[in-house]
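Student: Before anything else, here's the structure in question.
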Amino acid sequence: MNAADTAFVLISAALVMLMTPGLALFYGGMVRTKNILGTLMHSNILLGTVSVLWAIVGYSLAFGGDVGGIIGNFDFAFLNGVGQTAKEGVDNIPHLAFMIFQCMFAVITPALITGAFAERIKFSGFLLFTALWLLVVYCPMAHWVWGGGWMAKMGALDFAGGAVVHMSSGASALAAVLYLGRRHGFGKQSFIPHNLPLTILGAGILWFGWFGFNAGSALAANGLAASAFVTTHLAAAAAAFSWIIVEWWHRGKPTTLGMASGAVAGLVAITPAAGYVTPMPAILMGLVAGGLCYGGVLLKSFFKYDDALDVVGIHGLGGTFGALATGLFATKAVNELGADGLFYGNPEQLWIQFVSVVATWVFCFVMTLILFKIVDVMVGIRVSQDDEIKGLDVSQHSEVGYQL
Amino acid sequence: MNAADTAFVLISAALVMLMTPGLALFYGGMVRTKNILGTLMHSNILLGTVSVLWAIVGYSLAFGGDVGGIIGNFDFAFLNGVGQTAKEGVDNIPHLAFMIFQCMFAVITPALITGAFAERIKFSGFLLFTALWLLVVYCPMAHWVWGGGWMAKMGALDFAGGAVVHMSSGASALAAVLYLGRRHGFGKQSFIPHNLPLTILGAGILWFGWFGFNAGSALAANGLAASAFVTTHLAAAAAAFSWIIVEWWHRGKPTTLGMASGAVAGLVAITPAAGYVTPMPAILMGLVAGGLCYGGVLLKSFFKYDDALDVVGIHGLGGTFGALATGLFATKAVNELGADGLFYGNPEQLWIQFVSVVATWVFCFVMTLILFKIVDVMVGIRVSQDDEIKGLDVSQHSEVGYQL
Amino acid sequence: MNAADTAFVLISAALVMLMTPGLALFYGGMVRTKNILGTLMHSNILLGTVSVLWAIVGYSLAFGGDVGGIIGNFDFAFLNGVGQTAKEGVDNIPHLAFMIFQCMFAVITPALITGAFAERIKFSGFLLFTALWLLVVYCPMAHWVWGGGWMAKMGALDFAGGAVVHMSSGASALAAVLYLGRRHGFGKQSFIPHNLPLTILGAGILWFGWFGFNAGSALAANGLAASAFVTTHLAAAAAAFSWIIVEWWHRGKPTTLGMASGAVAGLVAITPAAGYVTPMPAILMGLVAGGLCYGGVLLKSFFKYDDALDVVGIHGLGGTFGALATGLFATKAVNELGADGLFYGNPEQLWIQFVSVVATWVFCFVMTLILFKIVDVMVGIRVSQDDEIKGLDVSQHSEVGYQL
Amino acid sequence: MKKIEVITRPYKLDEIKEKLTGLGIKGMTVSEVKGFGRQRGHTEVYRGAEYQVDFVPKVKMELVVEDGLAGEVIKAIQAAAQTGEVGDGKIFVSTIDEVIRIRTGETGNAAI
Amino acid sequence: MKKIEVITRPYKLDEIKEKLTGLGIKGMTVSEVKGFGRQRGHTEVYRGAEYQVDFVPKVKMELVVEDGLAGEVIKAIQAAAQTGEVGDGKIFVSTIDEVIRIRTGETGNAAI
Amino acid sequence: MKKIEVITRPYKLDEIKEKLTGLGIKGMTVSEVKGFGRQRGHTEVYRGAEYQVDFVPKVKMELVVEDGLAGEVIKAIQAAAQTGEVGDGKIFVSTIDEVIRIRTGETGNAAI
Ligand SMILES: Nc1ncnc2c1ncn2[C@@H]1O[C@H](COP(=O)(O)OP(=O)(O)O)[C@@H](O)[C@H]1O
Ligand SMILES: Nc1ncnc2c1ncn2[C@@H]1O[C@H](COP(=O)(O)OP(=O)(O)O)[C@@H](O)[C@H]1O
Ligand SMILES: Nc1ncnc2c1ncn2[C@@H]1O[C@H](COP(=O)(O)OP(=O)(O)O)[C@@H](O)[C@H]1O
């Protein structure tokens with residue numbers, strides 16, 4: 001047990017926790033006034049429900065003893081055996097610290113999806129869906145990659161959650177919007193962000209918290225943490241810049257929403273790679289991610305699916321790109337426990353990454369479709385058109401955001 | 001001296017510092033537009049005045065050599081003898097680190113009270129009251145519990161401030177609103193929050209900072225800190241959830257303000273217990289706290305006192321519940337320096353906790369009444385009705401919040 | 001290499017990173033609605049552009065091998081040789097950690113300047129100016145003071161950036177507004193802050209992040225870090241208080257903007273001194289800084305230059321005062337690697353500080369004038385009057401801030 | 001038909017509305033406005049710079065009523081809105097040529 | 001000249017505007033208002049305290065047109081704004097004595 | 001009595017107000033509106049999606065004056081508000097049947 005590593009992981013966990021309220025702002029600023037509270041609620045309430053579920057059974061499903069490479073067992077249910085001493089295999093920090101750090105990841109992942117079905121989901125259905133999703137999508141995914149499941153065994157590299165967090169939420173987002181359909185007025189009315197300063201602030205908080213997310217994933221205050229910190233920052237920086245350059249060229253103006261979106265795209269892309277690549281490839285990944293995800297958000301106008309806040313375009317695409325790029329740029333010089341990528345002489349890694357990408361997309365997409373159907377039948381998943389026009393704040397929560 | 005613990009305590013102090021601006025937002029969003037700045041000011045200016053007072057004399061009164069179990073002496077006045085080396089009894093971190101960590105607690109405690117007398121207090125009277133309150137209420141309370149005073153000697157458990165911070169502010173809040181009377185229009189006009197996104201953000205920042213508050217109170221980056229971190233998070237999570245469930249049942253809708261309020265209620269309740277209980281009781285405490293404090297805020301409509309932002313209902317009640325529950329769930333298995341509670345075979349602890357609850361309520365309530373009277377006579381404590389209708393922003397500060 | 005110090009510096013770097021979004025809010029709240037996004041952009045995009053430039057060449061220019069006391073060489077270009085092991089001379093943390101901590105300083109310094117030319121600068125010109133400014137003003141300054149350049153050799157004390165960060169941005173701000181001219185309507189229309197809660201929040205975030213800035217500059221989690229943390233907090237506290245007292249006396253009301261401005265003034269003033277002075281002089285410095293910078297902001301009405309958000313009055317003046325006061329109050333009792341100031345028997349230190357002040361002002365002022373001229377000729381530096389009336393949000397970014 | 005425009009203190013809105021519904025008034029339209037008049041405004045100070053703000057927050061209520069109701073309505077409004085202090089506001093009465101209810105196409109008094 | 005005031009649902013604004021520009025209408029002025037009428041409002045709940053909000057968000061469009069155009073314009077507006085549900089709103093028509101275009105000083109129909 | 005409604009550029013408000021107080025005008029009511037007219041709006045772009053915004057921020061000033069004052073007032077407003085660029089706005093004049101000062105109950109010219 002190491003006090004410095006414990007301090008680092010606990011503070012990192014606090015930083016990751018803050019990402020969820022940050023995400024709430026990031027999303028909240030982009031919806032219309034009448035949905036601001038509903039949108040803030042979608043992210044923040046998961047700090048409540050997911051955390052409790054995680055303690056009761058989720059953590060165990062993800063990190064309990066491996067069952068066939070697929071899922072964890074119930075050894076850690078109710079945090080049984082999760083105490084102040086170290087966990088087997090992570091012997092530098094208290095088991096509780098590891099558990100709570102992972103808890104924050106489990107909270108924010110379904111929160112990411114909420115951007116897709118914003119402005120039209122029924123709150124009770126939403127609660128049920130996210131609870132089920134945690135157990136049957138997130139926990140298995142986390143187990144596969146970080147809990148000793150089949151992806152880990154296959155050698156897939158995912159430092160801080162390119163597959164577990166971003167691709168999984170992106171793929172689920174796509175399924176969700178296909179099931180749910182478009183918002184009333186989509187393509188006819190203008191859906192304009194109602195409070196961009198909130199969004200910009202949210203992006204700033206996300207960036208800040210992401211240091212906990214990625215550097216904290218080193219689980220120690222060492223050179224690797226420093227390296228992951230640096231790649232994270234530089235990828236975000238590069239992507240913020242490249243996004244506005246691309247839109248400047250495409251639409252004639254660089255936008256602040258573009259800057260914020262680009263930063264998030266860069267953070268997403270570097271997440272799987274953060275602890276495996278050196279700084280210059282991180283900048284390159286950021287530059288590409290900014291442009292790529294800009295293209296990604298344009299897809300929805302083209303294919304006419306209503307991914308309200310671009311979860312598919314940014315997290316889905318960005319996460320996929322990051323996972324593949326990890327297969328290109330990873331090097332053992334950064335992280336002995338990692339692997340070399342294509343550019344370091346190991347083409348196989350790219351193939352492994354590719355398999356993990358496909359598996360993640362298929363699994364999360366299909367499972368989410370099924371869950372939406374189940375929830376829809378059980379409690380309903382979309383608000384009535386009347387409630388949608390009134391807005392989620394009034395119709396779902398009996399509140400209004402602003403009385404200025 | 002231990003560098004890891006020093007890092008942990010300093011960062012924790014920074015986190016606790018951020019709680020005060022966070023609290024300002026939490027409160028600020030709930031008042032009417034015309035009082036937003038006054039409300040932000042009430043919390044934030046205490047970072048100024050209380051910190052300076054603390055350095056000059058407050059810290060010494062709280063943590064200086066014990067005088068009859070009641071108060072500290074002047075040994076540390078002007079931070080004399082408070083340096084880079086360790087304090088006697090807390091030998092792992094610099095004395096300055098301990099002092100400044102405690103300073104942040106001294107700042108936020110009177111800030112909590114400000115929610116009660118929001119929208120009608122005179123700024124000069126407010127400044128005077130909080131300065132006096134720090135010296136004659138907070139410093140003794142801190143001394144009793146953490147400075148080696150009589151409550152400590154009696155064996156009362158208060159890990160991070162159930163009595164010192166939350167009950168003291170709750171009891172003082174009750175005295176304050178009884179003295180001050182209701183706002184103009186109370187019960188007739190609707191007092192609706194003017195900017196709930198600010199409140200939600202504030203709650204998020206509070207939650208984040210509370211990790212510094214509770215885990216930091218371990219004063220070391222060890223298993224106990226991890227344990228306190230976890231109980232804090234889970235209690236907040238459970239209470240956020242239980243509050244909305246209770247209001248869903250009672251009023252037909254789960255609200256975002258309820259989610260935020262519940263989270264704070266859970267954080268309050270776990271504060272005295274954070275370093276003494278295991279995770280499952282923490283969840284239980286959170287579940288109860290959410291429902292209990294929801295009931296607590298309803299009391300004011302019933303008894304017709306105008307506790308504007310529910311300091312009594314949330315901090316007073318939540319703190320009291322937490323203190324008593326500590327007497328139920330505490331276990332030495334978590335913290336050797338603690339004690340066992342009723343459910344671990346030690347009914348006496350519940351009695352000790354009960355005594356500390358009663359003493360805290362009586363002491364803080366009476367002292368605050370006296371201070372309000374003194375301040376009222378000296379400089380006046382309530383604004384004129386005209387100024388109240390204009391709002392504190394214009395009448396006390398010559399500013400307006402928004403020019404959108 | 002020390003894990004605790006690594007944890008401390010990495011978290012500190014994250015805190016400093018957050019200051020830039022915090023500064024964006026602080027500034028953003030003070031402009032008129034039509035410029036909110038442009039103002040947020042000015043700070044935040046520098047997280048993108050400056051960070052990338054820093055990694056490519058800026059860090060090397062500042063901290064690479066000394067070339068004549070003036071500038072660093074290209075040894076660290078593209079972060080060549082900047083890895084997970086320690087840097088020569090800073091042997092307790094990974095070189096990457098040191099580099100990224102410094103990166104955050106490089107980002108926020110030009111961001112500070114943006115308050116001066118707010119509401120009228122052309123975005124393309126702004127981007128070019130800040131890029132050039134980083135390379136030819138900031139990197140040399142950082143090298144002189146922290147990279148082993150002539151100021152360091154002379155013995156000038158600047159713990160966390162009184163000269164490098166605050167005076168440099170203040171002096172550059174003055175040059176910028178003299179070159180750029182006043183905003184349309186200056187002195188005739190009222191330029192009233194459009195969203196003070198944002199500004200107050202921004203100030204809170206700045207205060208929080210400043211702990212990383214100043215305490216982190218100890219580059220270790222030790223007694224010195226604790227001391228710098230304390231002096232930082234107390235100076236901010238004292239200045240927040242003294243500013244409102246002075247304006248209360250001068251204009252009849254204490255304002256929340258004054259409280260926030262005072263806090264920032266105190267933080268600025270203590271920055272060069274944080275690791276060299278004891279707490280009581282820190283309080284004194286804060287008290288003086290609050291009053292002094294209040295006077296500083298009045299200068300612009302007197303001399304009729306349009307320093308929109310008072311960069312000269314607060315950062316220029318506050319930084320200068322802080323640098324000189326360091327020459328008064330510094331003591332080796334706090335920091336062996338420092339020096340004694342006038343009040344500790346070493347009048348020469350005050351002279352050294354004075355030289356560093358003059359050199360900084362002259363260098364930054366002249367260079368900025370030249371850069372503005374160059375940029376103006378190349379791409380233009382000020383928007384058309386029509387665009388200025390429309391606001392930067394619509395004219396430069398095709399966005400609007402609020403649709404409430 | 002008559003259009004009655006009332007400009008008065010925001011916090012009086014609910015009281016007036018209740019009085020009017022008591023008289024059988026079925027509809028009205030309200031907006032936030034800034035008033036300039038005999039009532040003094042306030043001073044604002046930002047970083048030492050003083051601004052005199054002459055405008056005071058007011059609400060404007062517009063209601064269209066049958067000719068016969070106008071007198072009674074005006075009296076009710078005046079009674080409810082009056083505080084006797086400067087700034088109570090004004091009532092403006094003008095003539096409306098035609099009213100159409102969008103939902104049904106009804107016109108005239110039937111549409112109100 | 002006639003002033004046509006329309007009070008209707010916010011999300012209908014664009015549709016109505018398009019219809020009107022189709023008729024050759026060159027200008028109009030729009031504001032956000034709160035309407036009280038037959039349409040029910042909603043309930044808000046803050047920390048267990050219930051508030052009944054009777055006001056519903058509406059837009060008010062004001063356009064001044066030549067006398068001859070008024071009938072056609074009103075018809076177009078009604079068609080575009082109608083949903084058939086309570087809350088569609090009203091059209092009020094009144095007489096304008098004079099119009100001046102500030103830019104040119106033109107008056108009367110030429111100024112519209 | 002006449003009601004004079006002015007729709008013009010927001011930043012002209014203070015200038016016009018000063019001119020009018022110079023003429024002895026004691027009161028007026030101002031609101032923020034969005035104008036649609038010959039003046040072009042602007043484009044907004046959010047994540048690559050372009051929106052054409054036709055509405056331009058304007059202020060509306062309403063003032064009720066004695067019949068005799070109207071001409072002078074209108075001239076003053078036009079002079080102060082004119083820039084000569086498209087978008088200067090309009091002045092609409094209509095007739096008010098009655099004015100009541102809520103505070104005192106005064107009516108007619110005395111109430112203005
Ligand atoms: N001539 C006017 N035309 C339009 N609105 C007016 C006029 N005079 C007053 N008002 C409105 O009535 C409000 C109250 O007027 P004021 O002169 O302050 O008090 P009182 O109505 O008590 O005399 C003003 O704020 C303004 O909105
Ligand atoms: N008499 C009236 N005077 C002014 N505005 C009215 C009047 N009646 C209705 N309104 C406006 O029209 C809106 C719609 O009226 P409402 O009675 O709800 O539905 P409908 O027009 O379908 O009968 C109201 O919200 C209000 O703004
Ligand atoms: N017919 C009209 N009815 C109501 N408001 C109008 C009308 N025409 C113009 N306006 C208002 O006047 C403003 C200025 O009109 P615009 O045509 O842009 O310029 P100009 O007045 O210089 O010709 C518009 O934004 C609108 O608010």
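We label chains A, B, ... in the order they appear in the structure tokens, count residues from 1 in each chain, and number ligands from 1 in the order shown.
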Using only C-alpha atoms, determine which residues lie at most 7 Å from Lys90 in chain F, disregarding the query and same-chain residues fewer than 2 positions distant; provide the list as a VMD selection string.
Tutor: (chain E and resid 99 to 102) or (chain F and resid 6 to 8 92)
Student: For ligand 1, return the neighbouring residues as number ranges by chain (distance at most 8 Å; only C-alpha atoms and all ligand atoms).
Tutor: D: 7-8, 33-40, 55-58, 84-90; F: 3, 25-30, 62-65, 101-104, 111-112
Student: So that I can check the surroundings of range 111-115 of chain A, please list as a PyMOL selection string every protein, DNA and RNA residue that reaches within 7 Å of it, counting only C-alpha atoms and ignoring chain neighbours fewer than 4 positions away.
Tutor: chain A and resi 27+42-43+46+107+169-170+172-173+308-311
Student: Include C-alpha atoms and write out the residues we just selected as a compact mmCIF listing (two decimals), in the first residue's frame.
Tutor:
# COMPACT_ATOMS: atom_id res chain seq x y z
CA TYR A 27 -25.38 18.90 -22.44
CA HIS A 42 -30.41 12.85 -16.70
CA SER A 43 -26.73 13.02 -15.91
CA LEU A 46 -27.04 8.69 -12.20
CA VAL A 107 -21.76 6.70 -13.47
CA SER A 169 -22.19 4.92 -25.04
CA GLY A 170 -21.92 5.88 -28.70
CA SER A 172 -26.03 2.60 -27.35
CA ALA A 173 -26.87 6.14 -28.32
CA ALA A 308 -29.73 15.32 -30.28
CA LEU A 309 -26.37 16.22 -28.78
CA ASP A 310 -24.12 14.13 -31.02
CA VAL A 311 -23.18 11.20 -28.86
Student: Which residues, written as a PyMOL selection string, have at least one atom at most 12 Å from Leu392 in chain A, with only C-alpha atoms counted and residues fewer than 3 positions away on the same chain left out?
Tutor: (chain A and resi 31-42+117-123+382-389+395-401) or (chain B and resi 253-256)
Student: Just asking: which residues within range 39-222 of chain A are alpha helix (DSSP H) according to DSSP, as number ranges by chain?
Tutor: A: 39-53, 59-63, 95-113, 123-133, 139-146, 150-154, 168-180, 196-214
Student: Can I get the selection written as a JSON list (two decimals), in the first residue's frame, with C-alpha atoms?
Tutor:
[["chain", "number", "residue", "atom", "x", "y", "z"],
["A", 39, "THR", "CA", -31.18, 17.32, -19.13],
["A", 40, "LEU", "CA", -29.26, 18.23, -15.99],
["A", 41, "MET", "CA", -31.25, 15.57, -14.19],
["A", 42, "HIS", "CA", -30.41, 12.85, -16.70],
["A", 43, "SER", "CA", -26.73, 13.02, -15.91],
["A", 44, "ASN", "CA", -26.81, 13.93, -12.25],
["A", 45, "ILE", "CA", -29.35, 11.46, -10.99],
["A", 46, "LEU", "CA", -27.04, 8.69, -12.20],
["A", 47, "LEU", "CA", -24.62, 9.76, -9.49],
["A", 48, "GLY", "CA", -27.37, 8.55, -7.22],
["A", 49, "THR", "CA", -28.82, 5.47, -8.82],
["A", 50, "VAL", "CA", -25.76, 4.03, -10.50],
["A", 51, "SER", "CA", -23.54, 4.53, -7.46],
["A", 52, "VAL", "CA", -25.91, 2.62, -5.23],
["A", 53, "LEU", "CA", -26.35, -0.15, -7.77],
["A", 59, "TYR", "CA", -18.85, -3.66, -8.95],
["A", 60, "SER", "CA", -18.93, -7.33, -8.30],
["A", 61, "LEU", "CA", -20.28, -8.11, -11.75],
["A", 62, "ALA", "CA", -17.47, -6.10, -13.29],
["A", 63, "PHE", "CA", -14.55, -6.92, -11.03],
["A", 95, "HIS", "CA", -9.56, -1.86, -2.40],
["A", 96, "LEU", "CA", -12.20, 0.74, -1.54],
["A", 97, "ALA", "CA", -10.23, 3.37, -3.45],
["A", 98, "PHE", "CA", -10.10, 1.18, -6.54],
["A", 99, "MET", "CA", -13.81, 0.42, -6.25],
["A", 100, "ILE", "CA", -14.88, 4.04, -5.94],
["A", 101, "PHE", "CA", -12.60, 5.17, -8.76],
["A", 102, "GLN", "CA", -14.30, 2.61, -10.98],
["A", 103, "CYS", "CA", -17.69, 3.69, -9.66],
["A", 104, "MET", "CA", -17.25, 7.13, -11.17],
["A", 105, "PHE", "CA", -16.65, 5.59, -14.58],
["A", 106, "ALA", "CA", -19.81, 3.54, -14.25],
["A", 107, "VAL", "CA", -21.76, 6.70, -13.47],
["A", 108, "ILE", "CA", -20.59, 8.82, -16.34],
["A", 109, "THR", "CA", -20.88, 6.21, -19.06],
["A", 110, "PRO", "CA", -24.67, 5.98, -19.14],
["A", 111, "ALA", "CA", -24.74, 9.75, -18.56],
["A", 112, "LEU", "CA", -22.95, 10.16, -21.87],
["A", 113, "ILE", "CA", -25.76, 8.35, -23.68],
["A", 123, "PHE", "CA", -38.13, 9.98, -16.77],
["A", 124, "SER", "CA", -39.39, 6.72, -15.30],
["A", 125, "GLY", "CA", -38.37, 4.85, -18.43],
["A", 126, "PHE", "CA", -35.03, 6.55, -18.35],
["A", 127, "LEU", "CA", -34.38, 5.45, -14.77],
["A", 128, "LEU", "CA", -35.26, 1.89, -15.54],
["A", 129, "PHE", "CA", -33.26, 1.81, -18.75],
["A", 130, "THR", "CA", -30.08, 3.14, -17.17],
["A", 131, "ALA", "CA", -30.32, 0.70, -14.27],
["A", 132, "LEU", "CA", -30.68, -2.24, -16.62],
["A", 133, "TRP", "CA", -28.04, -0.90, -18.99],
["A", 139, "CYS", "CA", -20.68, -4.32, -16.18],
["A", 140, "PRO", "CA", -19.91, -6.97, -18.79],
["A", 141, "MET", "CA", -17.97, -4.48, -20.91],
["A", 142, "ALA", "CA", -15.92, -3.37, -17.90],
["A", 143, "HIS", "CA", -15.32, -6.98, -17.04],
["A", 144, "TRP", "CA", -14.20, -7.89, -20.53],
["A", 145, "VAL", "CA", -11.65, -5.12, -20.70],
["A", 146, "TRP", "CA", -10.52, -4.40, -17.15],
["A", 150, "TRP", "CA", -12.04, -12.03, -22.89],
["A", 151, "MET", "CA", -10.98, -8.72, -24.39],
["A", 152, "ALA", "CA", -8.25, -8.35, -21.81],
["A", 153, "LYS", "CA", -7.15, -11.90, -22.51],
["A", 154, "MET", "CA", -7.12, -11.19, -26.22],
["A", 168, "SER", "CA", -20.31, 1.67, -25.58],
["A", 169, "SER", "CA", -22.19, 4.92, -25.04],
["A", 170, "GLY", "CA", -21.92, 5.88, -28.70],
["A", 171, "ALA", "CA", -23.27, 2.57, -29.94],
["A", 172, "SER", "CA", -26.03, 2.60, -27.35],
["A", 173, "ALA", "CA", -26.87, 6.14, -28.32],
["A", 174, "LEU", "CA", -27.38, 5.10, -31.92],
["A", 175, "ALA", "CA", -29.67, 2.28, -30.93],
["A", 176, "ALA", "CA", -31.58, 4.58, -28.62],
["A", 177, "VAL", "CA", -32.32, 7.25, -31.19],
["A", 178, "LEU", "CA", -33.28, 4.73, -33.82],
["A", 179, "TYR", "CA", -35.76, 3.20, -31.44],
["A", 180, "LEU", "CA", -37.05, 6.46, -30.05],
["A", 196, "LEU", "CA", -23.73, 28.16, -24.47],
["A", 197, "PRO", "CA", -21.78, 29.57, -21.52],
["A", 198, "LEU", "CA", -23.04, 26.58, -19.55],
["A", 199, "THR", "CA", -21.79, 24.31, -22.30],
["A", 200, "ILE", "CA", -18.37, 25.95, -22.39],
["A", 201, "LEU", "CA", -18.11, 25.72, -18.62],
["A", 202, "GLY", "CA", -19.16, 22.10, -18.78],
["A", 203, "ALA", "CA", -16.46, 21.38, -21.33],
["A", 204, "GLY", "CA", -13.89, 23.03, -19.06],
["A", 205, "ILE", "CA", -14.97, 20.90, -16.15],
["A", 206, "LEU", "CA", -14.88, 17.79, -18.32],
["A", 207, "TRP", "CA", -11.36, 18.57, -19.45],
["A", 208, "PHE", "CA", -10.31, 19.11, -15.83],
["A", 209, "GLY", "CA", -11.95, 15.92, -14.64],
["A", 210, "TRP", "CA", -10.49, 13.96, -17.51],
["A", 211, "PHE", "CA", -7.06, 14.25, -15.93],
["A", 212, "GLY", "CA", -8.45, 12.11, -13.13],
["A", 213, "PHE", "CA", -10.01, 9.81, -15.68],
["A", 214, "ASN", "CA", -6.94, 9.18, -17.77]]
Student: Could you list, as a ChimeraX atom specification, every residue of chain C that has an atom within 12 Å of an atom of chain D, counting only C-alpha atoms?
Tutor: /C:30-31,187-194,196,243-244,246-262,290-291,293-302,308-310,313-314
Student: Contacts of range 70-73 of chain F at 7 Å or less, counting only C-alpha atoms, minus same-chain residues fewer than 4 places along, as a list in words?
Tutor: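 Here the answer would be Lys2, Leu20, Val65, Glu66 and Ile77 of chain F.
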Student: Could you save those same residues with N, CA, C and O atoms as a PDB file, in the first residue's frame?
Tutor:
ATOM      1  N   LYS F   2     -52.529  60.882 -27.495  1.00  0.00           N
ATOM      2  CA  LYS F   2     -51.936  60.019 -28.511  1.00  0.00           C
ATOM      3  C   LYS F   2     -50.951  59.045 -27.866  1.00  0.00           C
ATOM      4  O   LYS F   2     -50.226  59.423 -26.927  1.00  0.00           O
ATOM      5  N   LEU F  20     -36.212  63.421 -25.161  1.00  0.00           N
ATOM      6  CA  LEU F  20     -37.616  63.531 -24.763  1.00  0.00           C
ATOM      7  C   LEU F  20     -37.766  64.205 -23.405  1.00  0.00           C
ATOM      8  O   LEU F  20     -38.661  65.026 -23.207  1.00  0.00           O
ATOM      9  N   VAL F  65     -48.976  60.886 -24.894  1.00  0.00           N
ATOM     10  CA  VAL F  65     -48.780  62.334 -24.720  1.00  0.00           C
ATOM     11  C   VAL F  65     -50.069  63.083 -25.065  1.00  0.00           C
ATOM     12  O   VAL F  65     -50.959  62.553 -25.735  1.00  0.00           O
ATOM     13  N   GLU F  66     -50.130  64.305 -24.606  1.00  0.00           N
ATOM     14  CA  GLU F  66     -51.244  65.167 -25.000  1.00  0.00           C
ATOM     15  C   GLU F  66     -51.238  65.337 -26.509  1.00  0.00           C
ATOM     16  O   GLU F  66     -50.182  65.383 -27.131  1.00  0.00           O
ATOM     17  N   ILE F  77     -37.976  62.374 -31.749  1.00  0.00           N
ATOM     18  CA  ILE F  77     -37.596  60.959 -31.796  1.00  0.00           C
ATOM     19  C   ILE F  77     -36.922  60.638 -33.118  1.00  0.00           C
ATOM     20  O   ILE F  77     -35.874  59.993 -33.172  1.00  0.00           O
TER      21      ILE F  77
END
Student: Can you work out which one of E:Ile16, E:Gly105, E:Ile4, E:Glu98 has the shortest atom-to-atom distance to chain D, counting only C-alpha atoms?
Tutor: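 Residue with the minimum atom-to-atom distance to chain D: E:Ile4.
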Student: Do a neighbour search on range 83-93 of chain C at 7 Å with only C-alpha atoms, toss out local chain neighbours closer than 2 positions, and write the hits as a PyMOL selection string.
Tutor: (chain A and resi 223-224+226-227) or (chain C and resi 1-2+5-6+81+95-97)
